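The data block below is data04.cif; it holds mmCIF, C-alpha atoms.
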```cif
data_protein
loop_
_atom_site.group_PDB
_atom_site.id
_atom_site.type_symbol
_atom_site.label_atom_id
_atom_site.label_comp_id
_atom_site.auth_asym_id
_atom_site.auth_seq_id
_atom_site.Cartn_x
_atom_site.Cartn_y
_atom_site.Cartn_z
ATOM 1 C CA MET A 1 -17.407 -13.851 18.490
ATOM 2 C CA SER A 2 -17.390 -10.422 20.186
ATOM 3 C CA ASP A 3 -15.227 -7.645 18.768
ATOM 4 C CA VAL A 4 -12.937 -7.771 21.837
ATOM 5 C CA ALA A 5 -12.357 -11.521 21.305
ATOM 6 C CA ALA A 6 -11.884 -10.884 17.569
ATOM 7 C CA VAL A 7 -9.125 -8.311 18.257
ATOM 8 C CA GLU A 8 -7.403 -10.760 20.632
ATOM 9 C CA GLU A 9 -7.594 -13.479 17.952
ATOM 10 C CA PHE A 10 -6.267 -10.995 15.387
ATOM 11 C CA VAL A 11 -3.199 -10.225 17.560
ATOM 12 C CA LYS A 12 -2.378 -13.969 17.782
ATOM 13 C CA LYS A 13 -2.816 -14.584 14.063
ATOM 14 C CA TYR A 14 -0.857 -11.454 13.172
ATOM 15 C CA LYS A 15 2.152 -12.619 15.224
ATOM 16 C CA ALA A 16 2.029 -16.031 13.533
ATOM 17 C CA LEU A 17 1.752 -14.296 10.135
ATOM 18 C CA LYS A 18 4.884 -12.210 10.813
ATOM 19 C CA GLN A 19 6.813 -15.378 11.789
ATOM 20 C CA GLU A 20 5.703 -17.109 8.591
ATOM 21 C CA ILE A 21 6.812 -14.170 6.423
ATOM 22 C CA ALA A 22 10.161 -14.010 8.290
ATOM 23 C CA LYS A 23 10.971 -17.535 6.988
ATOM 24 C CA ILE A 24 11.655 -15.909 3.596
ATOM 25 C CA ILE A 25 12.038 -12.166 4.191
ATOM 26 C CA VAL A 26 15.065 -11.124 6.249
ATOM 27 C CA GLY A 27 14.648 -7.871 8.214
ATOM 28 C CA GLN A 28 12.419 -5.202 6.602
ATOM 29 C CA ASP A 29 10.167 -5.422 9.673
ATOM 30 C CA THR A 30 8.791 -1.892 9.301
ATOM 31 C CA VAL A 31 8.046 -2.408 5.593
ATOM 32 C CA VAL A 32 6.210 -5.713 6.213
ATOM 33 C CA ASN A 33 4.221 -4.099 9.058
ATOM 34 C CA GLN A 34 3.138 -1.214 6.853
ATOM 35 C CA ILE A 35 2.080 -3.496 3.986
ATOM 36 C CA LEU A 36 0.038 -5.639 6.393
ATOM 37 C CA ILE A 37 -1.531 -2.568 8.044
ATOM 38 C CA SER A 38 -2.644 -1.318 4.613
ATOM 39 C CA ILE A 39 -4.063 -4.760 3.732
ATOM 40 C CA PHE A 40 -6.071 -5.115 6.946
ATOM 41 C CA SER A 41 -7.222 -1.479 6.593
ATOM 42 C CA GLY A 42 -8.420 -2.236 3.040
ATOM 43 C CA GLY A 43 -5.935 0.129 1.374
ATOM 44 C CA HIS A 44 -3.270 -0.057 -1.344
ATOM 45 C CA SER A 45 0.473 0.504 -0.989
ATOM 46 C CA LEU A 46 3.203 2.005 -3.132
ATOM 47 C CA LEU A 47 6.690 0.533 -2.560
ATOM 48 C CA ILE A 48 9.487 2.889 -3.563
ATOM 49 C CA GLY A 49 13.028 1.618 -3.985
ATOM 50 C CA VAL A 50 15.763 0.777 -6.447
ATOM 51 C CA PRO A 51 15.551 -2.563 -8.313
ATOM 52 C CA GLY A 52 16.879 -5.664 -6.558
ATOM 53 C CA LEU A 53 15.517 -5.141 -3.030
ATOM 54 C CA ALA A 54 13.226 -8.223 -3.173
ATOM 55 C CA LYS A 55 9.997 -6.222 -3.512
ATOM 56 C CA THR A 56 8.385 -8.934 -5.686
ATOM 57 C CA LEU A 57 9.512 -11.717 -3.347
ATOM 58 C CA MET A 58 8.135 -9.821 -0.362
ATOM 59 C CA VAL A 59 4.689 -9.316 -1.913
ATOM 60 C CA ASN A 60 4.569 -12.918 -3.153
ATOM 61 C CA THR A 61 5.483 -14.231 0.318
ATOM 62 C CA ILE A 62 2.837 -12.039 1.997
ATOM 63 C CA ALA A 63 0.197 -13.246 -0.506
ATOM 64 C CA GLN A 64 1.097 -16.900 0.171
ATOM 65 C CA ALA A 65 0.999 -16.427 3.966
ATOM 66 C CA LEU A 66 -2.402 -14.701 3.665
ATOM 67 C CA GLY A 67 -3.714 -17.529 1.459
ATOM 68 C CA LEU A 68 -4.641 -15.143 -1.354
ATOM 69 C CA ASP A 69 -4.488 -15.363 -5.140
ATOM 70 C CA PHE A 70 -1.526 -13.335 -6.420
ATOM 71 C CA LYS A 71 -0.655 -11.945 -9.858
ATOM 72 C CA ARG A 72 2.280 -9.831 -10.971
ATOM 73 C CA ILE A 73 2.029 -7.309 -13.804
ATOM 74 C CA GLN A 74 5.306 -6.020 -15.220
ATOM 75 C CA PHE A 75 4.667 -2.476 -16.420
ATOM 76 C CA THR A 76 6.569 -1.526 -19.579
ATOM 77 C CA PRO A 77 6.405 1.483 -21.948
ATOM 78 C CA ASP A 78 4.383 -0.510 -24.520
ATOM 79 C CA LEU A 79 1.834 -2.036 -22.094
ATOM 80 C CA MET A 80 -1.790 -1.317 -23.086
ATOM 81 C CA PRO A 81 -4.832 -1.055 -20.745
ATOM 82 C CA SER A 82 -6.315 -4.241 -22.305
ATOM 83 C CA ASP A 83 -3.136 -6.129 -21.289
ATOM 84 C CA ILE A 84 -4.109 -5.452 -17.680
ATOM 85 C CA LEU A 85 -7.908 -5.529 -17.697
ATOM 86 C CA GLY A 86 -8.496 -8.236 -20.305
ATOM 87 C CA SER A 87 -10.337 -8.048 -23.629
ATOM 88 C CA GLU A 88 -13.240 -9.477 -25.575
ATOM 89 C CA ILE A 89 -12.421 -12.042 -28.257
ATOM 90 C CA LEU A 90 -14.526 -13.974 -30.778
ATOM 91 C CA ASP A 91 -14.770 -17.635 -29.792
ATOM 92 C CA GLU A 92 -15.259 -20.560 -32.197
ATOM 93 C CA ASP A 93 -19.063 -20.010 -32.170
ATOM 94 C CA ARG A 94 -18.508 -16.399 -33.253
ATOM 95 C CA HIS A 95 -19.700 -15.070 -29.877
ATOM 96 C CA PHE A 96 -17.791 -12.449 -27.955
ATOM 97 C CA LYS A 97 -16.152 -13.866 -24.858
ATOM 98 C CA PHE A 98 -14.383 -11.837 -22.173
ATOM 99 C CA VAL A 99 -10.900 -13.099 -21.323
ATOM 100 C CA LYS A 100 -9.926 -11.774 -17.894
ATOM 101 C CA GLY A 101 -6.621 -9.949 -17.571
ATOM 102 C CA PRO A 102 -4.149 -10.315 -14.693
ATOM 103 C CA ILE A 103 -5.953 -7.635 -12.669
ATOM 104 C CA PHE A 104 -8.436 -10.351 -11.596
ATOM 105 C CA ALA A 105 -6.681 -11.609 -8.439
ATOM 106 C CA ASN A 106 -6.765 -10.761 -4.708
ATOM 107 C CA ILE A 107 -3.299 -9.198 -4.588
ATOM 108 C CA ILE A 108 -1.839 -7.432 -7.615
ATOM 109 C CA LEU A 109 1.819 -6.544 -7.751
ATOM 110 C CA ALA A 110 2.042 -3.673 -10.238
ATOM 111 C CA ASP A 111 5.773 -3.827 -10.838
ATOM 112 C CA GLU A 112 7.563 -0.627 -11.896
ATOM 113 C CA ILE A 113 4.255 1.201 -12.345
ATOM 114 C CA ASN A 114 6.059 4.405 -13.344
ATOM 115 C CA ARG A 115 7.667 2.767 -16.387
ATOM 116 C CA THR A 116 4.359 2.790 -18.280
ATOM 117 C CA PRO A 117 2.554 5.769 -19.890
ATOM 118 C CA PRO A 118 -0.292 7.547 -18.034
ATOM 119 C CA LYS A 119 -3.063 5.893 -20.111
ATOM 120 C CA THR A 120 -2.090 2.460 -18.804
ATOM 121 C CA GLN A 121 -1.459 3.741 -15.268
ATOM 122 C CA ALA A 122 -5.038 5.087 -15.339
ATOM 123 C CA ALA A 123 -6.399 1.598 -16.124
ATOM 124 C CA LEU A 124 -5.587 0.690 -12.515
ATOM 125 C CA LEU A 125 -7.571 3.602 -11.066
ATOM 126 C CA GLU A 126 -11.090 2.188 -11.367
ATOM 127 C CA ALA A 127 -9.959 -1.205 -10.110
ATOM 128 C CA MET A 128 -8.233 0.337 -7.088
ATOM 129 C CA GLN A 129 -11.096 2.626 -6.133
ATOM 130 C CA GLU A 130 -14.220 0.719 -7.200
ATOM 131 C CA ARG A 131 -12.963 -2.895 -6.914
ATOM 132 C CA ALA A 132 -14.458 -3.336 -10.389
ATOM 133 C CA VAL A 133 -13.477 -2.828 -14.039
ATOM 134 C CA THR A 134 -15.456 -1.826 -17.126
ATOM 135 C CA VAL A 135 -14.515 -3.403 -20.460
ATOM 136 C CA ALA A 136 -16.534 -2.845 -23.681
ATOM 137 C CA GLY A 137 -19.430 -1.445 -21.659
ATOM 138 C CA HIS A 138 -19.627 -4.444 -19.286
ATOM 139 C CA HIS A 139 -19.003 -4.067 -15.550
ATOM 140 C CA TYR A 140 -17.006 -6.818 -13.846
ATOM 141 C CA LYS A 141 -16.669 -7.029 -10.053
ATOM 142 C CA LEU A 142 -13.290 -8.076 -8.646
ATOM 143 C CA ASP A 143 -12.981 -10.728 -5.951
ATOM 144 C CA LEU A 144 -12.580 -9.392 -2.414
ATOM 145 C CA PRO A 145 -10.304 -8.800 -0.588
ATOM 146 C CA TYR A 146 -8.519 -6.793 -3.292
ATOM 147 C CA PHE A 147 -5.188 -4.977 -2.936
ATOM 148 C CA VAL A 148 -2.818 -3.291 -5.335
ATOM 149 C CA LEU A 149 0.800 -3.201 -4.194
ATOM 150 C CA ALA A 150 2.684 -1.121 -6.751
ATOM 151 C CA THR A 151 6.443 -0.719 -6.954
ATOM 152 C CA GLN A 152 8.006 2.481 -8.231
ATOM 153 C CA ASN A 153 11.590 3.161 -9.201
ATOM 154 C CA PRO A 154 13.091 6.423 -7.931
ATOM 155 C CA ILE A 155 11.879 9.204 -10.229
ATOM 156 C CA GLU A 156 15.462 10.175 -11.104
ATOM 157 C CA GLN A 157 15.966 6.908 -13.030
ATOM 158 C CA GLU A 158 15.718 7.041 -16.816
ATOM 159 C CA GLY A 159 12.511 6.037 -18.603
ATOM 160 C CA THR A 160 10.087 6.805 -15.773
ATOM 161 C CA TYR A 161 6.704 8.582 -15.955
ATOM 162 C CA PRO A 162 5.880 10.216 -12.591
ATOM 163 C CA LEU A 163 2.484 9.148 -11.227
ATOM 164 C CA PRO A 164 -0.087 11.977 -11.242
ATOM 165 C CA GLU A 165 -1.061 13.354 -7.814
ATOM 166 C CA ALA A 166 -4.645 12.043 -8.173
ATOM 167 C CA GLN A 167 -3.342 8.529 -8.666
ATOM 168 C CA LEU A 168 -0.788 8.780 -5.847
ATOM 169 C CA ASP A 169 -3.656 9.764 -3.538
ATOM 170 C CA ARG A 170 -5.299 6.365 -4.166
ATOM 171 C CA PHE A 171 -2.465 4.656 -2.294
ATOM 172 C CA MET A 172 -2.909 4.525 1.456
ATOM 173 C CA PHE A 173 0.830 4.144 2.092
ATOM 174 C CA ALA A 174 4.004 5.123 0.248
ATOM 175 C CA ILE A 175 6.678 2.856 1.713
ATOM 176 C CA ASN A 176 10.389 3.490 1.199
ATOM 177 C CA LEU A 177 12.597 0.410 0.911
ATOM 178 C CA ASP A 178 16.238 0.844 1.844
ATOM 179 C CA TYR A 179 19.231 -1.415 1.329
ATOM 180 C CA PRO A 180 19.579 -4.117 4.019
ATOM 181 C CA SER A 181 22.107 -3.709 6.833
ATOM 182 C CA PHE A 182 25.415 -5.614 6.599
ATOM 183 C CA ASP A 183 24.207 -8.432 8.911
ATOM 184 C CA GLU A 184 20.880 -8.720 7.075
ATOM 185 C CA GLU A 185 22.626 -8.911 3.703
ATOM 186 C CA VAL A 186 24.937 -11.663 5.001
ATOM 187 C CA GLU A 187 21.844 -13.587 6.156
ATOM 188 C CA VAL A 188 20.133 -13.049 2.764
ATOM 189 C CA VAL A 189 23.159 -14.376 0.874
ATOM 190 C CA LYS A 190 23.416 -17.446 3.154
ATOM 191 C CA ALA A 191 19.698 -18.217 2.779
ATOM 192 C CA THR A 192 19.512 -17.769 -0.997
ATOM 193 C CA THR A 193 22.655 -19.553 -2.156
ATOM 194 C CA ASN A 194 21.866 -23.045 -0.885
ATOM 195 C CA ASP A 195 19.531 -25.778 -2.131
ATOM 196 C CA GLU A 196 17.015 -25.615 0.713
ATOM 197 C CA LYS A 197 13.387 -24.970 -0.284
ATOM 198 C CA ILE A 198 11.286 -23.167 2.311
ATOM 199 C CA GLU A 199 7.507 -23.575 2.258
ATOM 200 C CA VAL A 200 5.243 -20.707 3.336
ATOM 201 C CA ASN A 201 1.971 -21.859 4.911
ATOM 202 C CA ALA A 202 -1.326 -20.036 4.311
ATOM 203 C CA LEU A 203 -2.594 -18.857 7.715
ATOM 204 C CA PHE A 204 -5.724 -16.973 6.616
ATOM 205 C CA THR A 205 -8.637 -17.379 4.233
ATOM 206 C CA ALA A 206 -10.127 -14.549 2.152
ATOM 207 C CA GLU A 207 -13.244 -14.657 4.363
ATOM 208 C CA GLU A 208 -11.188 -14.296 7.575
ATOM 209 C CA ILE A 209 -9.337 -11.270 6.167
ATOM 210 C CA LEU A 210 -12.656 -9.611 5.244
ATOM 211 C CA ASN A 211 -14.008 -10.340 8.746
ATOM 212 C CA PHE A 212 -10.939 -8.795 10.403
ATOM 213 C CA GLN A 213 -11.277 -5.736 8.126
ATOM 214 C CA HIS A 214 -14.862 -5.273 9.364
ATOM 215 C CA VAL A 215 -13.775 -5.728 13.013
ATOM 216 C CA ILE A 216 -11.063 -3.065 12.569
ATOM 217 C CA ARG A 217 -13.557 -0.632 11.015
ATOM 218 C CA ARG A 218 -15.830 -1.131 14.057
ATOM 219 C CA ILE A 219 -13.057 -0.128 16.508
ATOM 220 C CA PRO A 220 -14.186 3.079 18.272
ATOM 221 C CA VAL A 221 -12.033 6.219 18.068
ATOM 222 C CA ALA A 222 -12.124 9.102 20.555
ATOM 223 C CA ASP A 223 -13.074 12.499 19.103
ATOM 224 C CA ASN A 224 -9.773 14.070 20.197
ATOM 225 C CA VAL A 225 -7.825 11.477 18.149
ATOM 226 C CA ILE A 226 -9.907 12.177 15.024
ATOM 227 C CA GLU A 227 -9.482 15.926 15.589
ATOM 228 C CA TYR A 228 -5.706 15.440 15.991
ATOM 229 C CA ALA A 229 -5.519 13.562 12.644
ATOM 230 C CA VAL A 230 -7.630 16.183 10.819
ATOM 231 C CA THR A 231 -5.575 19.015 12.362
ATOM 232 C CA MET A 232 -2.330 17.349 11.295
ATOM 233 C CA VAL A 233 -3.562 17.018 7.705
ATOM 234 C CA GLY A 234 -4.798 20.641 7.781
ATOM 235 C CA LYS A 235 -1.281 21.772 8.769
ATOM 236 C CA THR A 236 0.084 20.369 5.471
ATOM 237 C CA ARG A 237 -1.953 22.859 3.405
ATOM 238 C CA PRO A 238 0.146 25.991 2.781
ATOM 239 C CA ASP A 239 -2.940 28.208 2.317
ATOM 240 C CA GLY A 240 -4.686 26.926 5.453
ATOM 241 C CA GLU A 241 -4.964 28.873 8.707
ATOM 242 C CA ALA A 242 -3.181 26.120 10.653
ATOM 243 C CA ALA A 243 -0.286 25.708 8.165
ATOM 244 C CA ALA A 244 3.061 25.049 9.870
ATOM 245 C CA ASP A 245 5.969 27.422 9.084
ATOM 246 C CA LEU A 246 7.950 24.718 7.238
ATOM 247 C CA VAL A 247 4.853 23.972 5.140
ATOM 248 C CA LYS A 248 4.403 27.618 4.095
ATOM 249 C CA GLN A 249 8.059 27.730 3.082
ATOM 250 C CA TYR A 250 8.494 24.417 1.313
ATOM 251 C CA ILE A 251 5.136 22.966 0.193
ATOM 252 C CA ASP A 252 3.103 23.754 -2.941
ATOM 253 C CA TRP A 253 0.148 21.446 -2.254
ATOM 254 C CA GLY A 254 -0.991 19.734 0.927
ATOM 255 C CA ALA A 255 -2.894 16.519 1.649
ATOM 256 C CA GLY A 256 -6.644 16.143 1.051
ATOM 257 C CA PRO A 257 -9.436 14.610 3.177
ATOM 258 C CA ARG A 258 -8.518 11.083 2.036
ATOM 259 C CA ALA A 259 -5.327 11.466 4.099
ATOM 260 C CA SER A 260 -7.408 12.109 7.259
ATOM 261 C CA GLN A 261 -9.553 9.032 6.557
ATOM 262 C CA ASN A 262 -6.476 6.875 5.974
ATOM 263 C CA LEU A 263 -4.747 8.156 9.124
ATOM 264 C CA ILE A 264 -7.675 6.999 11.261
ATOM 265 C CA LEU A 265 -8.141 3.665 9.469
ATOM 266 C CA ALA A 266 -4.423 2.845 9.662
ATOM 267 C CA ALA A 267 -4.289 4.003 13.320
ATOM 268 C CA LYS A 268 -7.135 1.568 14.108
ATOM 269 C CA THR A 269 -5.212 -1.312 12.516
ATOM 270 C CA HIS A 270 -1.957 -0.227 14.218
ATOM 271 C CA ALA A 271 -3.776 -0.233 17.568
ATOM 272 C CA ALA A 272 -5.353 -3.651 16.883
ATOM 273 C CA ILE A 273 -2.042 -5.376 16.055
ATOM 274 C CA HIS A 274 -0.723 -4.119 19.413
ATOM 275 C CA GLY A 275 -3.754 -5.491 21.259
ATOM 276 C CA LYS A 276 -5.405 -2.114 21.919
ATOM 277 C CA PHE A 277 -9.164 -1.675 21.560
ATOM 278 C CA SER A 278 -9.033 1.977 20.529
ATOM 279 C CA PRO A 279 -6.277 4.006 18.821
ATOM 280 C CA ASP A 280 -4.593 6.971 20.499
ATOM 281 C CA ILE A 281 -2.481 9.842 19.191
ATOM 282 C CA GLU A 282 0.685 7.687 19.199
ATOM 283 C CA ASP A 283 -0.992 5.294 16.728
ATOM 284 C CA VAL A 284 -1.773 8.215 14.398
ATOM 285 C CA GLN A 285 1.840 9.421 14.622
ATOM 286 C CA ALA A 286 3.181 5.902 13.945
ATOM 287 C CA VAL A 287 1.504 5.759 10.507
ATOM 288 C CA ALA A 288 1.655 9.471 9.578
ATOM 289 C CA ASN A 289 4.933 9.481 7.613
ATOM 290 C CA SER A 290 3.917 6.776 5.152
ATOM 291 C CA ILE A 291 0.417 8.201 4.688
ATOM 292 C CA LEU A 292 1.420 11.836 4.168
ATOM 293 C CA ARG A 293 4.778 11.693 2.353
ATOM 294 C CA HIS A 294 3.306 11.115 -1.124
ATOM 295 C CA ARG A 295 0.454 13.563 -0.597
ATOM 296 C CA ILE A 296 2.521 16.688 0.005
ATOM 297 C CA ILE A 297 4.114 18.300 -3.042
ATOM 298 C CA LYS A 298 7.407 20.074 -2.310
ATOM 299 C CA ASN A 299 8.390 23.290 -4.105
ATOM 300 C CA TYR A 300 11.703 24.103 -5.787
ATOM 301 C CA LYS A 301 13.043 25.730 -2.626
ATOM 302 C CA ALA A 302 12.615 22.472 -0.681
ATOM 303 C CA GLU A 303 14.380 20.525 -3.450
ATOM 304 C CA ALA A 304 17.237 23.049 -3.595
ATOM 305 C CA GLU A 305 17.765 23.025 0.168
ATOM 306 C CA GLY A 306 17.446 19.243 0.468
ATOM 307 C CA ILE A 307 14.419 19.346 2.777
ATOM 308 C CA SER A 308 12.756 15.909 2.904
ATOM 309 C CA GLU A 309 9.064 15.092 3.272
ATOM 310 C CA ASN A 310 9.828 13.294 6.555
ATOM 311 C CA GLN A 311 11.380 16.450 8.055
ATOM 312 C CA ILE A 312 8.278 18.434 7.158
ATOM 313 C CA ILE A 313 5.886 15.769 8.494
ATOM 314 C CA SER A 314 7.853 15.398 11.758
ATOM 315 C CA SER A 315 7.453 19.155 12.338
ATOM 316 C CA LEU A 316 3.642 18.644 12.311
ATOM 317 C CA PHE A 317 3.740 16.469 15.456
#
```
As structure tokens, what does this structure read like?
Amino acid sequence: MSDVAAVEEFVKKYKALKQEIAKIIVGQDTVVNQILISIFSGGHSLLIGVPGLAKTLMVNTIAQALGLDFKRIQFTPDLMPSDILGSEILDEDRHFKFVKGPIFANIILADEINRTPPKTQAALLEAMQERAVTVAGHHYKLDLPYFVLATQNPIEQEGTYPLPEAQLDRFMFAINLDYPSFDEEVEVVKATTNDEKIEVNALFTAEEILNFQHVIRRIPVADNVIEYAVTMVGKTRPDGEAAADLVKQYIDWGAGPRASQNLILAAKTHAAIHGKFSPDIEDVQAVANSILRHRIIKNYKAEAEGISENQIISSLF
């Protein structure tokens, strides 16, 4: 199949996938789109929102519709790295045997990742970046495709450990979940208080997802679009020559080169789901907020004056 035909097939399957997810998930169209863009781009996502917004249900539904193995890890203050990665135990023959932890699945929901201390948060880093883990000196490859979708409670809540900047940078997207609208909440209550059981069908295989990821990576990008993305990221750095005025005033640290890479990858996927064979500047702008918001560190002045990351990012356009 040619790449053009593959993109056309991808558009069809993506529409069917969205319809399948909508059987369970009411509204949240932008959130679902961003999660799927990060998955088909090969990235990880951080979902930020208060408890009770169906984050776990959403990730579980997406995993079922994609036909992938799904595991949920509830992060708590006493969780140890071995609880995630697995550990070696002595079997009945007195040989060491590795028992795999819950990190061995295609989609991992790391629930309330900022409720656990940094040592355990760091156990996810190698898995996210290398798609492999090392336990007791042995290297174990993880099955592909592999995605970590982490949920984070708002930092202001009690008992949270903020994620370090280096770890935040590993997430392609930071996605904010808001409360549903009145009509959506009415629909949610109607759908979840009856006895009807809704089945979600698997529309993809792991191999198909990997193939579509390769097709998306092969999508050509014009030089001016790449330069636009790199320029936009450069504007977030307060010490840089191109720094925007708002950035100089309100930002301590800007985004690194990984942000530029992610902007282009996500723009390719955004273009593909809309049936385009090459991304343009509008595709970069469509994904910029979620890619940059967790990579720019505001200063005290921004906090005091109530300046949001989105306001700063919008000024870069």
message: I want to know what sits within 10 Å of range 4-11 of chain A, based on only C-alpha atoms, with residues of the same chain fewer than 5 positions away left out; could you give that as a PyMOL selection string?
response: chain A and resi 16-17+208-209+211-212+215-216+219+269+271-277
field: Nearby residues (all atoms listed in the file) at most 9 Å from His294 in chain A, same-chain spacing under 2 positions excluded, as a ChimeraX atom specification
entry: /A:165,168-169,171,173-174,255,290-292,296-297,309
query: Smallest atom-to-atom distance to Phe70 in chain A: which of A:Gly43, A:Pro145, A:Gly27, A:Gly86, using all atoms listed in the file?
result: A:Pro145
With only C-alpha atoms counted, which protein, DNA or RNA residues have an atom no more than 10 Å from (-1.6, -8.2, -14.6) in the file frame? Please answer as a JSON list (two decimals) with C-alpha atoms, in the frame of the given file.
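Generated output (part.json):
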```
[["chain", "number", "residue", "atom", "x", "y", "z"],
["A", 70, "PHE", "CA", -1.53, -13.34, -6.42],
["A", 71, "LYS", "CA", -0.66, -11.94, -9.86],
["A", 72, "ARG", "CA", 2.28, -9.83, -10.97],
["A", 73, "ILE", "CA", 2.03, -7.31, -13.80],
["A", 74, "GLN", "CA", 5.31, -6.02, -15.22],
["A", 75, "PHE", "CA", 4.67, -2.48, -16.42],
["A", 81, "PRO", "CA", -4.83, -1.06, -20.74],
["A", 82, "SER", "CA", -6.32, -4.24, -22.30],
["A", 83, "ASP", "CA", -3.14, -6.13, -21.29],
["A", 84, "ILE", "CA", -4.11, -5.45, -17.68],
["A", 85, "LEU", "CA", -7.91, -5.53, -17.70],
["A", 86, "GLY", "CA", -8.50, -8.24, -20.30],
["A", 100, "LYS", "CA", -9.93, -11.77, -17.89],
["A", 101, "GLY", "CA", -6.62, -9.95, -17.57],
["A", 102, "PRO", "CA", -4.15, -10.32, -14.69],
["A", 103, "ILE", "CA", -5.95, -7.64, -12.67],
["A", 104, "PHE", "CA", -8.44, -10.35, -11.60],
["A", 105, "ALA", "CA", -6.68, -11.61, -8.44],
["A", 108, "ILE", "CA", -1.84, -7.43, -7.62],
["A", 109, "LEU", "CA", 1.82, -6.54, -7.75],
["A", 110, "ALA", "CA", 2.04, -3.67, -10.24],
["A", 111, "ASP", "CA", 5.77, -3.83, -10.84],
["A", 124, "LEU", "CA", -5.59, 0.69, -12.52]]
```
query: Which residue out of A:Leu142, A:Lys268, A:Ala150, A:Pro77 has the minimum interatomic distance to Lys119 in chain A when only C-alpha atoms are used?
result: A:Pro77
statement: CA of Arg218 in chain A sits from CA of Leu265 in chain A at a separation of 10.2 Å
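Here the PyMOL selection byres ((chain A and resi 246-252) around 8) catches exactly these residues: A:Lys235, A:Thr236, A:Arg237, A:Pro238, A:Asp239, A:Ala243, A:Ala244, A:Asp245, A:Trp253, A:Gly254, A:Ile296, A:Ile297, A:Lys298, A:Asn299, A:Tyr300, A:Lys301, A:Ala302, A:Ile307, A:Ile312, A:Ser315.
Straight-line separation from CA of Ala63 in chain A to CA of Gln152 in chain A: 19.2 Å.
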task: Check the smallest atom-to-atom distance from each of A:Ala136, A:Ala22, A:Leu163, A:Ile89 to Thr120 in chain A using all atoms listed in the file, then report the winner.
output: A:Leu163
statement: Taken to one decimal, the CA of Leu36 in chain A-CA of Ala54 in chain A distance is 16.5 Å
message: Residue by residue, what does the PyMOL selection byres ((chain A and resi 284) around 12) grab here? Present the result as an MDAnalysis selection string.
response: chainID A and resid 221 224:233 259:271 278:283 285:292 316:317
For C-alpha atoms, I'd like the residues from the last selection saved as a short mmCIF file (atom, residue, chain, number, x, y, z; two decimals), in the coordinates of the input.
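Below is the file that was written, part-v5.cif:
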```cif
data_model
loop_
_atom_site.label_atom_id
_atom_site.label_comp_id
_atom_site.auth_asym_id
_atom_site.auth_seq_id
_atom_site.Cartn_x
_atom_site.Cartn_y
_atom_site.Cartn_z
CA VAL A 221 -12.03 6.22 18.07
CA ASN A 224 -9.77 14.07 20.20
CA VAL A 225 -7.82 11.48 18.15
CA ILE A 226 -9.91 12.18 15.02
CA GLU A 227 -9.48 15.93 15.59
CA TYR A 228 -5.71 15.44 15.99
CA ALA A 229 -5.52 13.56 12.64
CA VAL A 230 -7.63 16.18 10.82
CA THR A 231 -5.58 19.02 12.36
CA MET A 232 -2.33 17.35 11.30
CA VAL A 233 -3.56 17.02 7.70
CA ALA A 259 -5.33 11.47 4.10
CA SER A 260 -7.41 12.11 7.26
CA GLN A 261 -9.55 9.03 6.56
CA ASN A 262 -6.48 6.88 5.97
CA LEU A 263 -4.75 8.16 9.12
CA ILE A 264 -7.68 7.00 11.26
CA LEU A 265 -8.14 3.66 9.47
CA ALA A 266 -4.42 2.84 9.66
CA ALA A 267 -4.29 4.00 13.32
CA LYS A 268 -7.14 1.57 14.11
CA THR A 269 -5.21 -1.31 12.52
CA HIS A 270 -1.96 -0.23 14.22
CA ALA A 271 -3.78 -0.23 17.57
CA SER A 278 -9.03 1.98 20.53
CA PRO A 279 -6.28 4.01 18.82
CA ASP A 280 -4.59 6.97 20.50
CA ILE A 281 -2.48 9.84 19.19
CA GLU A 282 0.68 7.69 19.20
CA ASP A 283 -0.99 5.29 16.73
CA GLN A 285 1.84 9.42 14.62
CA ALA A 286 3.18 5.90 13.94
CA VAL A 287 1.50 5.76 10.51
CA ALA A 288 1.66 9.47 9.58
CA ASN A 289 4.93 9.48 7.61
CA SER A 290 3.92 6.78 5.15
CA ILE A 291 0.42 8.20 4.69
CA LEU A 292 1.42 11.84 4.17
CA LEU A 316 3.64 18.64 12.31
CA PHE A 317 3.74 16.47 15.46
#
```
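Proximity of A:Ile39, A:Ala123, A:Leu47, A:Ile107 to Leu79 in chain A, computed with only C-alpha atoms, is greatest for A:Ala123.
Within the file as shown, the PyMOL selection byres ((chain A and resi 30) around 12) identifies Lys18, Ile25, Val26, Gly27, Gln28, Asp29, Val31, Val32, Asn33, Gln34, Ile35, Leu36, Ile37, Ile175, Asn176, Leu177, Asp178, His270, Ala286, Val287 and Ser290 of chain A.
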Given 8 Å on each side, where is the centre and what are the edge lengths in Å to one decimal of the axis-aligned box enclosing the listed atoms of range 109-114 of chain A, as lines of an AutoDock Vina configuration file?
```
center_x = 4.7
center_y = -1.1
center_z = -10.5
size_x = 21.7
size_y = 26.9
size_z = 21.6
```
query: For the point (2.8, -20.7, 4.4) in file coordinates, what residues are within 12 Å, counting all atoms listed in the file? Give the answer as a ChimeraX atom specification?
result: /A:16-24,60-68,198-205
